[in-house]
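*Asks:* To be precise about what I am sending: the file is called start_39.cif and holds mmCIF, C-alpha atoms.
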data_run
loop_
_atom_site.label_atom_id
_atom_site.label_comp_id
_atom_site.auth_asym_id
_atom_site.auth_seq_id
_atom_site.Cartn_x
_atom_site.Cartn_y
_atom_site.Cartn_z
CA MET D 302 -20.84 -179.52 184.55
CA THR D 303 -24.06 -177.55 184.69
CA THR D 304 -27.75 -178.12 184.96
CA GLY D 305 -30.50 -175.64 185.55
CA ILE D 306 -33.85 -174.11 184.85
CA SER D 307 -35.13 -172.72 181.57
CA LEU D 308 -38.04 -170.29 181.65
CA VAL D 309 -38.29 -169.49 177.93
CA ARG D 310 -38.01 -172.78 176.10
CA GLU D 311 -37.34 -171.19 172.70
CA ASN D 312 -34.35 -169.21 174.03
CA THR D 313 -32.80 -172.29 175.61
CA ALA D 314 -33.45 -174.44 172.54
CA SER D 315 -31.61 -171.91 170.40
CA MET D 316 -28.54 -171.70 172.64
CA GLN D 317 -28.34 -175.43 173.43
CA PRO D 318 -26.72 -175.48 176.89
CA PRO D 319 -25.68 -179.01 177.94
CA ARG D 320 -28.55 -179.66 180.36
CA ALA D 321 -31.70 -177.63 181.06
CA LEU D 322 -35.12 -178.28 182.52
CA TRP D 323 -37.86 -176.15 180.96
CA VAL D 324 -40.59 -175.15 183.38
CA SER D 325 -43.89 -173.54 182.48
CA PHE D 326 -43.74 -171.15 185.43
CA PRO D 327 -44.08 -167.36 185.04
CA LEU D 328 -41.01 -165.21 184.55
CA GLY D 329 -39.64 -164.31 187.98
CA ARG D 330 -40.58 -167.72 189.43
CA PRO D 331 -38.04 -170.31 188.27
CA LEU D 332 -38.79 -172.68 191.16
CA GLY D 333 -42.54 -172.38 190.65
CA LYS D 334 -44.16 -171.75 194.02
CA PRO D 335 -42.99 -169.52 196.89
CA ARG D 336 -42.98 -171.09 200.36
CA ASP D 337 -43.62 -174.57 199.03
CA SER D 338 -40.46 -176.50 199.72
CA ALA D 339 -41.90 -179.81 198.47
CA PHE D 340 -42.77 -178.24 195.12
CA GLN D 341 -39.35 -176.58 194.88
CA HIS D 342 -37.60 -179.86 195.76
CA ARG D 343 -39.43 -181.68 192.96
CA VAL D 344 -38.22 -179.09 190.43
CA ILE D 345 -34.64 -179.26 191.73
CA LYS D 346 -34.63 -183.06 191.70
CA ALA D 347 -35.79 -183.10 188.07
CA ALA D 348 -33.01 -180.68 187.09
CA LEU D 349 -30.36 -182.58 189.09
CA ASP D 350 -31.46 -185.86 187.50
CA LEU D 351 -30.28 -184.49 184.16
CA LEU D 352 -26.72 -184.79 185.49
CA ASN D 353 -27.10 -188.58 185.25
CA ARG D 354 -27.73 -188.52 181.50
CA SER D 355 -24.99 -189.59 179.16
CA ASN D 356 -25.81 -187.56 176.04
CA GLY D 357 -26.74 -183.96 175.33
CA PRO D 358 -27.55 -181.22 174.81
CA LEU D 359 -30.66 -181.97 176.83
CA LEU D 360 -33.71 -179.76 177.11
CA GLU D 361 -36.34 -181.61 179.06
CA ASP D 362 -39.86 -180.40 179.86
CA TYR D 363 -40.91 -180.44 183.50
CA PRO D 364 -44.36 -182.02 183.65
CA GLU D 365 -45.86 -180.08 186.56
CA ASP D 366 -47.40 -176.62 186.18
CA ALA D 367 -47.41 -174.02 188.93
CA PRO D 368 -50.95 -173.14 190.04
CA GLU D 369 -52.81 -171.15 187.45
CA ILE D 370 -52.43 -167.43 187.96
CA GLU D 371 -55.16 -165.19 186.68
CA ILE D 372 -53.75 -161.77 186.05
CA GLU D 373 -56.57 -160.28 184.04
CA ASP D 374 -58.90 -159.46 186.92
CA THR D 375 -57.83 -157.85 190.14
CA PRO D 376 -60.15 -157.54 193.13
CA ALA D 377 -61.04 -154.22 194.65
CA CYS D 378 -58.26 -152.97 196.88
CA PRO D 379 -59.05 -152.19 200.53
CA VAL D 380 -56.86 -149.07 200.28
CA THR D 381 -58.29 -146.46 197.93
CA PHE D 382 -55.81 -145.03 195.50
CA SER D 383 -57.47 -141.99 193.97
CA LYS D 384 -55.93 -140.99 190.68
CA PRO D 385 -54.30 -137.56 190.51
CA ASN D 386 -56.19 -134.82 188.75
CA SER D 387 -54.50 -134.34 185.43
CA ASN D 388 -54.87 -130.56 185.73
CA ALA D 389 -51.48 -129.52 187.14
CA PRO D 390 -51.20 -132.17 189.86
CA ARG D 391 -48.78 -131.50 192.70
CA TRP D 392 -47.15 -134.84 192.35
CA GLU D 393 -44.82 -134.69 195.34
CA GLY D 394 -47.70 -134.18 197.78
CA ILE D 395 -49.81 -136.87 196.18
CA LEU D 396 -47.01 -139.41 196.10
CA SER D 397 -45.76 -138.59 199.56
CA ALA D 398 -49.28 -139.03 200.99
CA GLU D 399 -49.71 -142.37 199.26
CA VAL D 400 -46.37 -143.65 200.54
CA THR D 401 -47.25 -142.46 204.05
CA ALA D 402 -50.58 -144.33 203.89
CA LEU D 403 -48.80 -147.52 202.94
CA MET D 404 -46.00 -147.20 205.49
CA PRO D 405 -47.84 -149.07 208.29
CA TRP D 406 -48.57 -151.93 205.90
CA HIS D 407 -44.94 -152.08 204.89
CA ASP D 408 -43.89 -152.10 208.53
CA LEU D 409 -46.38 -154.88 209.25
CA GLY D 410 -45.15 -156.94 206.30
CA ARG D 411 -41.58 -156.50 207.39
CA ARG D 412 -42.40 -157.72 210.87
CA GLN D 413 -44.24 -160.72 209.40
CA LYS D 414 -41.16 -161.59 207.37
CA LYS D 415 -38.78 -161.27 210.33
CA GLY D 416 -37.33 -158.04 209.04
CA ARG D 417 -36.83 -159.12 205.43
CA THR D 418 -37.38 -156.43 202.81
CA LEU D 419 -36.18 -155.89 199.27
CA VAL D 420 -36.07 -152.11 199.78
CA GLY D 421 -32.56 -150.73 200.03
CA LEU D 422 -31.05 -150.14 196.60
CA SER D 423 -31.22 -146.37 197.00
CA GLU D 424 -29.35 -144.40 199.64
CA PHE D 425 -32.51 -142.37 200.24
CA SER D 426 -35.73 -143.41 201.97
CA VAL D 427 -38.78 -144.36 199.94
CA LYS D 428 -40.53 -141.20 201.06
CA GLU D 429 -37.58 -138.99 200.09
CA ASN D 430 -37.48 -140.69 196.71
CA ALA D 431 -41.23 -140.27 196.22
CA VAL D 432 -40.96 -136.54 196.92
CA LYS D 433 -38.02 -136.15 194.56
CA LEU D 434 -39.83 -138.10 191.86
CA GLY D 435 -42.87 -135.85 192.34
CA GLN D 436 -40.72 -132.75 191.95
CA ILE D 437 -39.29 -134.07 188.70
CA LEU D 438 -42.79 -134.74 187.39
CA ASN D 439 -44.00 -131.29 188.38
CA HIS D 440 -41.30 -129.67 186.33
CA GLN D 441 -42.50 -131.29 183.14
CA GLU D 442 -39.05 -132.40 182.10
CA VAL D 443 -36.92 -135.49 181.74
CA PRO D 444 -34.17 -135.86 184.35
CA GLU D 445 -31.08 -136.15 182.18
CA VAL D 446 -28.70 -136.68 185.05
CA GLU D 447 -28.90 -138.86 188.14
CA LEU D 448 -30.23 -141.79 186.13
CA GLN D 449 -28.53 -144.26 188.46
CA TRP D 450 -30.33 -142.65 191.38
CA LEU D 451 -33.61 -142.69 189.49
CA LYS D 452 -33.33 -146.37 188.63
CA ALA D 453 -32.57 -147.33 192.25
CA ALA D 454 -35.28 -145.01 193.57
CA ILE D 455 -37.95 -146.43 191.29
CA GLU D 456 -36.95 -150.00 192.10
CA ASP D 457 -37.13 -149.26 195.81
CA ILE D 458 -40.49 -147.56 195.44
CA LYS D 459 -41.93 -150.46 193.47
CA VAL D 460 -40.80 -153.13 195.92
CA PHE D 461 -42.04 -150.95 198.81
CA TYR D 462 -45.53 -150.90 197.26
CA LEU D 463 -45.30 -154.59 196.46
CA GLU D 464 -44.39 -155.51 200.04
CA ALA D 465 -46.96 -153.14 201.55
CA MET D 466 -49.75 -154.45 199.35
CA MET D 467 -48.75 -158.05 200.05
CA ALA D 468 -49.18 -157.37 203.76
CA GLN D 469 -52.80 -156.25 203.42
CA PRO D 470 -55.21 -159.01 204.46
CA SER D 471 -56.50 -160.92 201.46
CA ALA D 472 -56.12 -157.84 199.35
CA TYR D 473 -54.65 -159.52 196.34
CA GLN D 474 -53.25 -162.73 195.15
CA LEU D 475 -49.52 -162.16 194.90
CA SER D 476 -49.60 -162.26 191.15
CA GLN D 477 -52.23 -159.53 190.95
CA ILE D 478 -50.28 -156.95 192.91
CA ASP D 479 -48.11 -155.91 190.03
CA GLN D 480 -51.10 -155.20 187.82
CA ALA D 481 -52.84 -153.35 190.67
CA PHE D 482 -49.78 -151.19 191.21
CA TRP D 483 -49.78 -150.02 187.61
CA SER D 484 -53.52 -149.62 187.18
CA GLU D 485 -54.70 -148.40 190.60
CA THR D 486 -52.00 -146.42 192.37
CA GLN D 487 -50.93 -142.86 191.93
CA MET D 488 -47.33 -143.99 192.02
CA GLY D 489 -47.99 -146.35 189.12
CA ALA D 490 -49.52 -143.44 187.19
CA ALA D 491 -46.54 -141.25 188.09
CA ILE D 492 -43.98 -143.76 186.84
CA LEU D 493 -45.97 -144.32 183.65
CA ALA D 494 -46.02 -140.54 183.11
CA LEU D 495 -42.25 -140.48 183.53
CA HIS D 496 -41.97 -143.47 181.20
CA ASP D 497 -43.83 -141.54 178.49
CA ARG D 498 -41.47 -138.59 178.83
CA PHE D 499 -38.41 -140.79 178.51
CA ALA D 500 -39.95 -142.67 175.58
CA LYS D 501 -40.22 -139.40 173.64
CA HIS D 502 -36.68 -138.28 174.51
CA GLU D 503 -34.19 -138.44 171.66
CA GLN D 504 -31.22 -139.78 173.63
CA LEU D 505 -32.82 -141.38 176.69
CA SER D 506 -35.72 -143.33 175.21
CA GLY D 507 -34.01 -146.58 176.22
CA PHE D 508 -34.42 -145.66 179.87
CA ALA D 509 -38.21 -145.87 179.49
CA ARG D 510 -38.16 -149.63 179.15
CA ILE D 511 -36.36 -150.19 182.44
CA ILE D 512 -38.82 -148.27 184.56
CA ALA D 513 -42.18 -149.65 183.40
CA PRO D 514 -43.08 -153.06 181.97
CA ARG D 515 -44.41 -153.33 178.45
CA THR D 516 -47.72 -154.80 179.61
CA ALA D 517 -48.38 -151.87 181.97
CA VAL D 518 -47.59 -149.35 179.25
CA LEU D 519 -49.88 -151.13 176.79
CA ASN D 520 -52.70 -151.46 179.33
CA ALA D 521 -52.43 -147.76 180.21
CA LYS D 522 -52.64 -146.89 176.54
CA LYS D 523 -55.69 -149.12 176.11
CA SER D 524 -57.36 -147.44 179.10
CA ARG D 525 -56.63 -143.99 177.67
CA ASP D 526 -57.96 -145.04 174.28
CA LYS D 527 -61.24 -146.13 175.87
CA LEU D 528 -61.82 -142.76 177.56
CA PRO D 529 -63.85 -140.08 175.81
CA LYS D 530 -61.45 -137.48 174.40
CA ASP D 531 -62.59 -134.66 176.70
CA THR D 532 -61.72 -136.63 179.85
CA GLN D 533 -58.12 -137.39 178.88
CA MET A 304 -47.11 -169.47 182.16
CA VAL A 305 -44.14 -168.84 179.92
CA ARG A 306 -45.57 -170.67 176.97
CA LEU A 307 -45.09 -168.28 174.13
CA THR A 308 -48.48 -169.18 172.71
CA ASP A 309 -50.11 -167.91 175.92
CA LEU A 310 -48.47 -164.49 175.78
CA PRO A 311 -49.57 -161.30 174.04
CA LYS A 312 -47.98 -160.81 170.61
CA SER A 313 -45.66 -158.02 171.78
CA GLU A 314 -44.29 -160.15 174.64
CA ARG A 315 -43.94 -163.16 172.39
CA GLU A 316 -41.96 -161.21 169.82
CA HIS A 317 -39.75 -159.67 172.47
CA LEU A 318 -38.86 -163.05 173.97
CA VAL A 319 -38.26 -164.71 170.60
CA SER A 320 -35.89 -161.87 169.73
CA LYS A 321 -33.69 -163.10 172.59
CA ASN A 322 -32.93 -166.38 170.81
CA GLN A 323 -29.19 -166.79 170.33
CA PRO A 324 -27.07 -169.30 168.46
CA PRO A 325 -24.99 -171.71 170.58
CA LEU A 326 -21.90 -170.07 172.08
CA GLY A 327 -19.60 -172.69 170.57
CA PRO A 328 -19.27 -176.39 169.92
CA PRO A 329 -21.38 -178.56 172.23
CA ALA A 330 -19.75 -179.05 175.64
CA TRP A 331 -20.51 -182.17 177.58
CA VAL A 332 -19.09 -183.43 180.87
CA HIS A 333 -19.99 -186.91 182.07
CA LEU A 334 -20.94 -187.41 185.67
CA SER A 335 -17.88 -188.94 187.34
CA LYS A 336 -19.40 -189.70 190.74
CA PRO A 337 -22.86 -190.05 192.28
CA ILE A 338 -24.92 -186.90 192.74
CA SER A 339 -24.79 -187.61 196.48
CA ASP A 340 -21.02 -186.93 196.34
CA LEU A 341 -21.12 -183.75 194.26
CA ARG A 342 -20.03 -180.34 195.48
CA ILE A 343 -22.56 -177.89 194.03
CA ALA A 344 -22.66 -174.12 193.52
CA LEU A 345 -25.67 -171.99 192.62
CA ILE A 346 -25.49 -169.34 189.94
CA THR A 347 -28.40 -167.03 189.25
CA THR A 348 -28.91 -164.36 186.61
CA ALA A 349 -31.52 -162.60 188.75
CA GLY A 350 -29.34 -159.61 189.70
CA LEU A 351 -29.21 -160.54 193.39
CA HIS A 352 -26.77 -159.05 195.87
CA PHE A 353 -26.52 -157.89 199.44
CA ARG A 354 -27.56 -154.36 200.35
CA ASP A 355 -23.96 -153.25 200.89
CA ASP A 356 -22.81 -154.54 197.49
CA PRO A 357 -22.87 -152.24 194.47
CA ALA A 358 -26.18 -152.50 192.63
CA PHE A 359 -26.09 -153.79 189.07
CA GLU A 360 -26.08 -151.04 186.46
CA PHE A 361 -28.42 -150.83 183.44
CA SER A 362 -26.22 -153.12 181.37
CA ASP A 363 -23.76 -154.91 183.57
CA ALA A 364 -21.67 -158.00 182.91
CA THR A 365 -20.07 -158.11 186.36
CA PHE A 366 -21.08 -160.55 189.07
CA ARG A 367 -21.59 -160.56 192.82
CA PRO A 368 -20.32 -163.37 195.07
CA ILE A 369 -22.80 -164.74 197.59
CA SER A 370 -21.11 -166.42 200.52
CA GLY A 371 -22.70 -169.66 201.61
CA ASP A 372 -22.44 -168.47 205.22
CA GLU A 373 -24.58 -165.39 204.79
CA ASP A 374 -28.31 -165.12 205.33
CA ALA A 375 -29.89 -165.22 201.88
CA ASN A 376 -32.95 -163.45 203.29
CA ASN A 377 -30.86 -160.28 203.12
CA LEU A 378 -30.44 -160.51 199.36
CA ILE A 379 -32.04 -157.79 197.28
CA MET A 380 -32.46 -157.52 193.51
CA SER A 381 -31.30 -154.83 191.07
CA HIS A 382 -32.26 -156.45 187.78
CA SER A 383 -32.73 -154.03 184.89
CA SER A 384 -35.75 -155.80 183.45
CA VAL A 385 -39.12 -154.74 184.78
CA ASN A 386 -40.98 -157.36 182.79
CA PHE A 387 -41.22 -160.09 185.38
CA ASP A 388 -43.07 -160.54 188.63
CA LYS A 389 -41.09 -159.83 191.80
CA SER A 390 -43.82 -160.72 194.30
CA GLY A 391 -42.72 -164.34 194.52
CA PHE A 392 -39.13 -163.36 195.31
CA ALA A 393 -40.39 -160.88 197.90
CA GLU A 394 -42.27 -163.77 199.47
CA ASP A 395 -39.49 -166.36 199.35
CA VAL A 396 -35.86 -165.98 198.30
CA ASN A 397 -35.76 -169.70 197.48
CA LEU A 398 -38.12 -169.19 194.58
CA VAL A 399 -35.20 -167.62 192.70
CA PHE A 400 -32.13 -168.66 194.69
CA PRO A 401 -32.98 -172.04 196.26
CA ILE A 402 -30.17 -172.08 198.80
CA ASP A 403 -32.29 -173.44 201.66
CA ARG A 404 -33.49 -176.30 199.46
CA PHE A 405 -29.87 -177.19 198.65
CA ARG A 406 -28.91 -176.97 202.33
CA GLU A 407 -31.72 -179.46 202.99
CA LEU A 408 -30.40 -181.74 200.23
CA GLN A 409 -26.94 -181.56 201.78
CA ALA A 410 -28.29 -182.33 205.26
CA ALA A 411 -30.22 -185.29 203.84
CA GLY A 412 -27.12 -186.61 202.09
CA GLU A 413 -28.71 -186.28 198.66
CA ILE A 414 -25.89 -184.06 197.44
CA GLY A 415 -22.33 -183.95 198.76
CA THR A 416 -21.53 -180.42 199.85
CA LEU A 417 -22.36 -176.87 198.90
CA ALA A 418 -19.76 -174.47 197.53
CA ASP A 419 -18.31 -171.86 199.85
CA THR A 420 -19.40 -169.16 197.41
CA HIS A 421 -22.27 -168.86 194.96
CA TYR A 422 -22.61 -166.22 192.23
CA SER A 423 -25.12 -163.76 190.87
CA PHE A 424 -25.21 -162.11 187.46
CA MET A 425 -27.74 -159.70 186.04
CA GLY A 426 -29.01 -161.16 182.79
CA ALA A 427 -30.31 -158.24 180.74
CA GLY A 428 -29.29 -155.78 178.09
CA LEU A 429 -26.07 -157.38 176.83
CA GLN A 430 -25.17 -160.02 174.32
CA PRO A 431 -23.61 -163.20 175.78
CA GLU A 432 -20.05 -162.40 174.65
CA PHE A 433 -19.92 -159.42 177.03
CA TYR A 434 -20.07 -161.87 179.94
CA GLU A 435 -17.06 -163.89 178.85
CA ALA A 436 -14.46 -162.24 181.08
CA SER A 437 -16.68 -162.56 184.16
CA ALA A 438 -17.63 -166.12 183.27
CA VAL A 439 -13.97 -167.13 182.94
CA GLN A 440 -13.24 -165.52 186.31
CA VAL A 441 -16.12 -167.31 188.02
CA ALA A 442 -15.17 -170.63 186.39
CA GLY A 443 -11.66 -170.26 187.86
CA MET A 444 -13.07 -169.60 191.30
CA LEU A 445 -15.46 -172.54 191.07
CA LYS A 446 -12.46 -174.75 190.29
CA LYS A 447 -10.57 -173.39 193.29
CA ASP A 448 -13.66 -174.13 195.39
CA GLN A 449 -13.54 -177.71 193.98
CA VAL A 450 -17.08 -177.43 192.68
CA ASP A 451 -18.26 -180.38 190.58
CA ALA A 452 -21.55 -179.04 189.30
CA VAL A 453 -23.42 -175.76 189.00
CA PHE A 454 -27.16 -175.29 189.31
CA LEU A 455 -28.33 -172.37 187.18
CA THR A 456 -31.46 -170.32 187.76
CA PRO A 457 -32.75 -167.55 185.51
CA VAL A 458 -35.45 -165.12 186.52
#
What's the structure tokens form of this structure?

*Replies:*
Amino acid sequence: MTTGISLVRENTASMQPPRALWVSFPLGRPLGKPRDSAFQHRVIKAALDLLNRSNGPLLEDYPEDAPEIEIEDTPACPVTFSKPNSNAPRWEGILSAEVTALMPWHDLGRRQKKGRTLVGLSEFSVKENAVKLGQILNHQEVPEVELQWLKAAIEDIKVFYLEAMMAQPSAYQLSQIDQAFWSETQMGAAILALHDRFAKHEQLSGFARIIAPRTAVLNAKKSRDKLPKDTQ
Amino acid sequence: MVRLTDLPKSEREHLVSKNQPPLGPPAWVHLSKPISDLRIALITTAGLHFRDDPAFEFSDATFRPISGDEDANNLIMSHSSVNFDKSGFAEDVNLVFPIDRFRELQAAGEIGTLADTHYSFMGAGLQPEFYEASAVQVAGMLKKDQVDAVFLTPV
């Protein structure tokens, strides 16, 4: 027998698994609140209680919301991420310098979390991957091989930024870091530039959607649309 | 919040497009003993695995076993979707894979025991039928592990 969490009520309602507890929490947070064992236990208990029911399929709504997360406004970041000049940027230098600047924060965060890090999908270091990514961008082309490397490298880079930015004192609420990464960092701009190249590629356009989230792509487009034409 | 009405139109349409018909006739198993006697396994679709395990590929219907003896703080994530927030998982593995909470329930006698092995899938990019062979394999191993109930977490 099974019970569990549903994050998208409509999807679960359509598939009708035997027992599911729908929660209103954001995608990526099925138990609601990190580091809040009491909150997590309440969610688990509600899902386990469904095992006692005698008829199904059951899709029950969990009554408690996770704390409201405002993702529209991000505060100013204590580390300045200056955007690359669009006139022939030397991406590998820019990205390497940004990664280097964040390295002490990542180290600090790792120490705070007793060594825990999500970095490690790629066989190369974050800095090596940043340099290689920069070289690809400088050559104005789409990397048609090494896609497995690229996926792992980009994932590692993103979680490195996430963990480094989380370690900065009161820099962001956790939920704002993702938006800050895409809108404020040079690495975010670099990955969005790569996304746009893949999106236009005849055979590899599908790869675009696994390197940058739809909201970041849309927000970047909105920002570009707001700029006067001669500054783009 | 994942209330579709709160999301931008593009996100809403994307998520609704994931609706699927039921996989088959309704399946229902009655509870045959108290929850405090159940042996429970966790299964996540968050694409979790240990650093030494192969990462999940773009579309990947395989699974990774997660031994109950190992330190879940060493789990990493290679999910293909980039459209969810990873900061919570970076902060606390239990937000996605609540193994410590279940260990606490076991210690408190609120569940029976935990399975020897838990399982991780990567839920993206494939229709449900592609997972059938892996699901059958995992179901067989859950039986061998004498698991009574499975707690499922998406991401």

*Asks:* Report as CSV the residues of chain D within 6 Å of chain A, each with its shortest atom pair and distance in Å (one decimal), using only C-alpha atoms, ordered by chain and increasing residue number.

*Replies:*
residue,atom,partner,partner_atom,distance
D:Met302,CA,A:Ala452,CA,4.8
D:Thr303,CA,A:Val453,CA,4.7
D:Thr304,CA,A:Phe454,CA,5.2
D:Gly305,CA,A:Leu455,CA,4.2
D:Ile306,CA,A:Thr456,CA,5.3
D:Asn312,CA,A:Asn322,CA,4.5
D:Ser315,CA,A:Pro324,CA,5.6
D:Met316,CA,A:Pro325,CA,4.1
D:Gln317,CA,A:Pro325,CA,5.8
D:Ser325,CA,A:Met304,CA,5.2
D:Phe326,CA,A:Met304,CA,5.0
D:Pro327,CA,A:Met304,CA,4.7
D:Leu328,CA,A:Phe387,CA,5.2
D:Gly329,CA,A:Val458,CA,4.5
D:Arg330,CA,A:Leu398,CA,5.9
D:Pro331,CA,A:Val399,CA,5.9
D:Leu332,CA,A:Leu398,CA,4.9
D:Pro335,CA,A:Asp395,CA,5.3
D:Arg336,CA,A:Asp395,CA,6.0
D:Leu419,CA,A:Ile379,CA,5.0
D:Leu475,CA,A:Ser390,CA,5.9
D:Ile511,CA,A:Ser384,CA,5.7
D:Pro514,CA,A:Asn386,CA,4.9

*Asks:* Identify, on the basis of only C-alpha atoms, every residue whose closest approach to Leu359 in chain D does not exceed 8 Å; exclude the query and any residue fewer than 2 positions from it along the same chain; express the result as a PyMOL selection string.

*Replies:* chain D and resi 317-321+351+356-357+361

*Asks:* Run the PyMOL selection byres ((chain D and resi 396) around 8) mentally over the shown coordinates, then write out the matched residues as a VMD selection string, using the chain letters and numbers from the document.

*Replies:* chain D and resid 392 to 395 397 to 400 431 to 432 435 487 to 488

*Asks:* To box range 505-511 of chain D, take all atoms listed in the file, fit an axis-aligned box, add 4 Å on each side, and give centre and edge lengths in Å to one decimal, as lines of an AutoDock Vina configuration file.

*Replies:*
center_x = -35.5
center_y = -145.8
center_z = 178.8
size_x = 13.4
size_y = 16.8
size_z = 15.2

*Asks:* Kindly extract all protein, DNA and RNA residues lying within 8 Å of the coordinates (-23.2, -156.6, 179.6) given in the file, considering only C-alpha atoms, and supply them as an MDAnalysis selection string.

*Replies:* chainID A and resid 362:365 427:431 433:434

*Asks:* Name the residues in contact with Ser437 in chain A at a cut-off of 12 Å, using all atoms listed in the file, excluding same-chain residues fewer than 5 positions from it; report them as a VMD selection string.

*Replies:* chain A and resid 363 to 368 422 to 425 431 to 432 442 to 444

*Asks:* Residues within 10 Å of Gly489 in chain D, please, as a list in words. Count only C-alpha atoms; anything in the same chain fewer than 4 positions from it doesn't count.

*Replies:*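 Residues near the query, excluding close chain neighbours: Lys384, Leu396, Ile458, Lys459, Tyr462, Asp479, Gln480, Ala481, Phe482, Trp483, Ser484, Glu485, Leu493, Ala494, Leu495, Ala513 and Ala517 of chain D.
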
*Asks:* Can you tell me how far CA of Glu424 in chain D sits from CA of Leu403 in chain D, in Å to one decimal?

*Replies:*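 Rounded to one decimal, the two atoms are 20.0 Å apart.
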
*Asks:* Tell me, in Å to one decimal, how far CA of Ala438 in chain A is from CA of Gly421 in chain D.

*Replies:*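 A separation of 27.2 Å between them.
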
*Asks:* Report, in Å to a single decimal, how far apart CA of Val324 in chain D and CA of Val439 in chain A are.

*Replies:* 27.8 Å

*Asks:* Write out as a list in words each polymer residue whose atoms come within 8 Å of His496 in chain D, counting only C-alpha atoms; drop sequence neighbours fewer than 6 positions from it.

*Replies:*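 So, after excluding close chain neighbours, the residues are Phe508, Ala509, Arg510, Ile512 and Ala513 of chain D.
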
*Asks:* For the structure shown, which residues end up in the PyMOL selection byres ((chain D and resi 404-418) around 6)? Put them as a count of residues only, please?

*Replies:* 8
